[in-house]
Amino acid sequence: MKATNLSLEIAPSITKVASKQTYYTILFLVDRGRVADAYRTYAYFRWVDDALDAESGSSAERSVFVRRQMSLLENCYRGESARDATIEEKMLIELVQSDTEKNSGLQTYLRNMMAVMAFDAKRRGRMISQSELNDYSRWLASAVTEAMHYFIGHCCYSPQNEARYLAVTAAHITHMLRDTVDDIQAGYFNIPREVLDANHISPQDVGSEAYRAWVRSRVQLARTYFKAGREYLNQVENPRCRLAGLAYTARFECVLDSIEQDGYLLRAAYPERKELSAIVRASGSILPSLFIHRGTQSLLEPVPVHQRSSR
């Protein structure tokens with residue numbers, strides 16, 4: 001069986017196991033000619049992320065692995081052949097081979113997600129600075145947003161302004177808060193070193209007043225970005241792209257609701273909100289937005305991107 005045919009089989013299966021929401025979003029919303037590549041993009045980086053998270057790997061092994069992936073990406077874009085590539089790596093090779101647009105959204109996604117993976121590989125077990133967190137968020141927001149526009153309604157209008165990345169930035173903020181307790185156990189610390197030093201606390205002090213105050217500030221920032229991000233999405237021409245973006249936003253806003261209800265004391269886990277009331281609430285916020293004309297003027301000035309996370 002040819003590698004291309006095999007990757008077409010494994011990419012959707014990897015995606016479905018890891019994230020049913022992503023699987024069905026791709027199946028129903030992505031432009032028909034780009035479905036296979038959309039599954040490859042998710043499946044490849046799911047594989048990379050899982051490899052970096054593996055308990056059995058050492059820091060040196062993670063570093064070697066991510067350097068190999070970075071080198072593979074660069075070599076592919078230079079048109080060089082790749083030897084001894086795994087079936088997972090062949091998904092990346094096929095993605096680059098399919099990328100015929102100059103400075104495409106796919107290339108932005110691949111390069112920025114690789115930067116996210118490289119950062120994750122080196123940040124395990126050490127504190128991160130606010131500046132590093134800003135870069136982390138910027139890479140991820142740019143990657144996810146440009147991928148969404150590349151795969152869904154790629155020929156349709158979308159505004160090119162700073163607000164373009166705010167919904168995903170807000171989701172990244174929320175994602176890092178949601179995974180804080182679990183990430184601490186794995187050696188990833190999602191709070192900036194400057195906040196810890198200023199308040200004389202450690203990353204494990206999630207119940208402290210200072211930590212909860214920081215969480216509150218992050219929730220407020222995410223709310224602001226989500227609001228501006230929704231206004232941006234309301235100006236996107238393609239209804240499938242708007243639906244994907246707004247559904248993504250609604251999913252994370254449910255997590256913010258839970259954090260606020262807990263008085264900003266982070267939990268070890270936040271179960272997915274699948275009950276009928278959550279679905280009805282999300283639908284009520286999303287569906288009217290699908291019918292807002294993209295020419296609607298924004299009432300908010302673009303908010304500068306400052307923070308984010310990908311784990």
# chains A, B, ... in the order shown; residues from 1 in each chain; ligands from 1
$ closest_atom_pairs --of "region 122-215 of chain A" --to "region 232-255 of chain A" --cutoff "8 Å" --atoms "only C-alpha atoms" --output "Markdown table"
| residue | atom | partner | partner_atom | distance |
| --- | --- | --- | --- | --- |
| A:Met148 | CA | A:Cys241 | CA | 7.1 |
| A:His149 | CA | A:Cys241 | CA | 7.0 |
| A:Ile152 | CA | A:Cys241 | CA | 5.4 |
| A:Gly153 | CA | A:Asn238 | CA | 5.5 |
| A:Cys156 | CA | A:Glu237 | CA | 6.0 |
| A:Tyr157 | CA | A:Glu237 | CA | 5.3 |
| A:Ser158 | CA | A:Val236 | CA | 4.6 |
| A:Pro159 | CA | A:Val236 | CA | 6.8 |
| A:Ala163 | CA | A:Tyr232 | CA | 6.1 |
| A:Arg164 | CA | A:Tyr232 | CA | 6.2 |
| A:Ala167 | CA | A:Thr249 | CA | 6.5 |
| A:Val168 | CA | A:Thr249 | CA | 7.8 |
| A:Ala171 | CA | A:Phe252 | CA | 5.9 |
| A:Thr174 | CA | A:Phe252 | CA | 6.5 |
| A:His175 | CA | A:Phe252 | CA | 7.5 |
| A:Arg178 | CA | A:Val255 | CA | 7.1 |
$ residues_around --residues "Ser58 (chain A)" --least-positions-apart "4" --cutoff "12 Å" --atoms "only C-alpha atoms" --output "ChimeraX atom specification"
/A:51-54,62-65,121-122,124-125
$ closest_residue --among "A:Leu8, A:Gln220, A:Arg111, A:Glu132" --to "Ala170 (chain A)" --atoms "only C-alpha atoms"
A:Gln220
$ residues_around --residues "region 267-271 of chain A" --least-positions-apart "3" --cutoff "8 Å" --atoms "only C-alpha atoms" --output "tab-separated table (two decimals) with N, CA, C and O atoms, in the first residue's frame"
chain	number	residue	atom	x	y	z
A	178	ARG	N	-7.31	25.67	32.37
A	178	ARG	CA	-8.00	24.39	32.52
A	178	ARG	C	-7.04	23.26	32.85
A	178	ARG	O	-7.34	22.38	33.66
A	179	ASP	N	-5.86	23.27	32.22
A	179	ASP	CA	-4.92	22.16	32.36
A	179	ASP	C	-3.85	22.39	33.41
A	179	ASP	O	-2.94	21.57	33.56
A	180	THR	N	-3.95	23.49	34.16
A	180	THR	CA	-2.88	23.86	35.10
A	180	THR	C	-2.52	22.75	36.07
A	180	THR	O	-1.34	22.39	36.22
A	181	VAL	N	-3.50	22.21	36.77
A	181	VAL	CA	-3.22	21.21	37.81
A	181	VAL	C	-2.61	19.96	37.20
A	181	VAL	O	-1.62	19.42	37.71
A	182	ASP	N	-3.17	19.50	36.10
A	182	ASP	CA	-2.64	18.31	35.42
A	182	ASP	C	-1.25	18.57	34.87
A	182	ASP	O	-0.36	17.72	34.95
A	255	VAL	N	-15.71	26.66	30.10
A	255	VAL	CA	-14.67	26.44	31.10
A	255	VAL	C	-14.48	27.69	31.96
A	255	VAL	O	-14.35	27.60	33.20
A	258	SER	N	-17.05	27.83	34.65
A	258	SER	CA	-16.75	26.94	35.78
A	258	SER	C	-15.68	27.53	36.69
A	258	SER	O	-15.78	27.45	37.92
$ atom_distance --atom1 "CA of Asp205 (chain A)" --atom2 "CA of Gly187 (chain A)"
14.3 Å
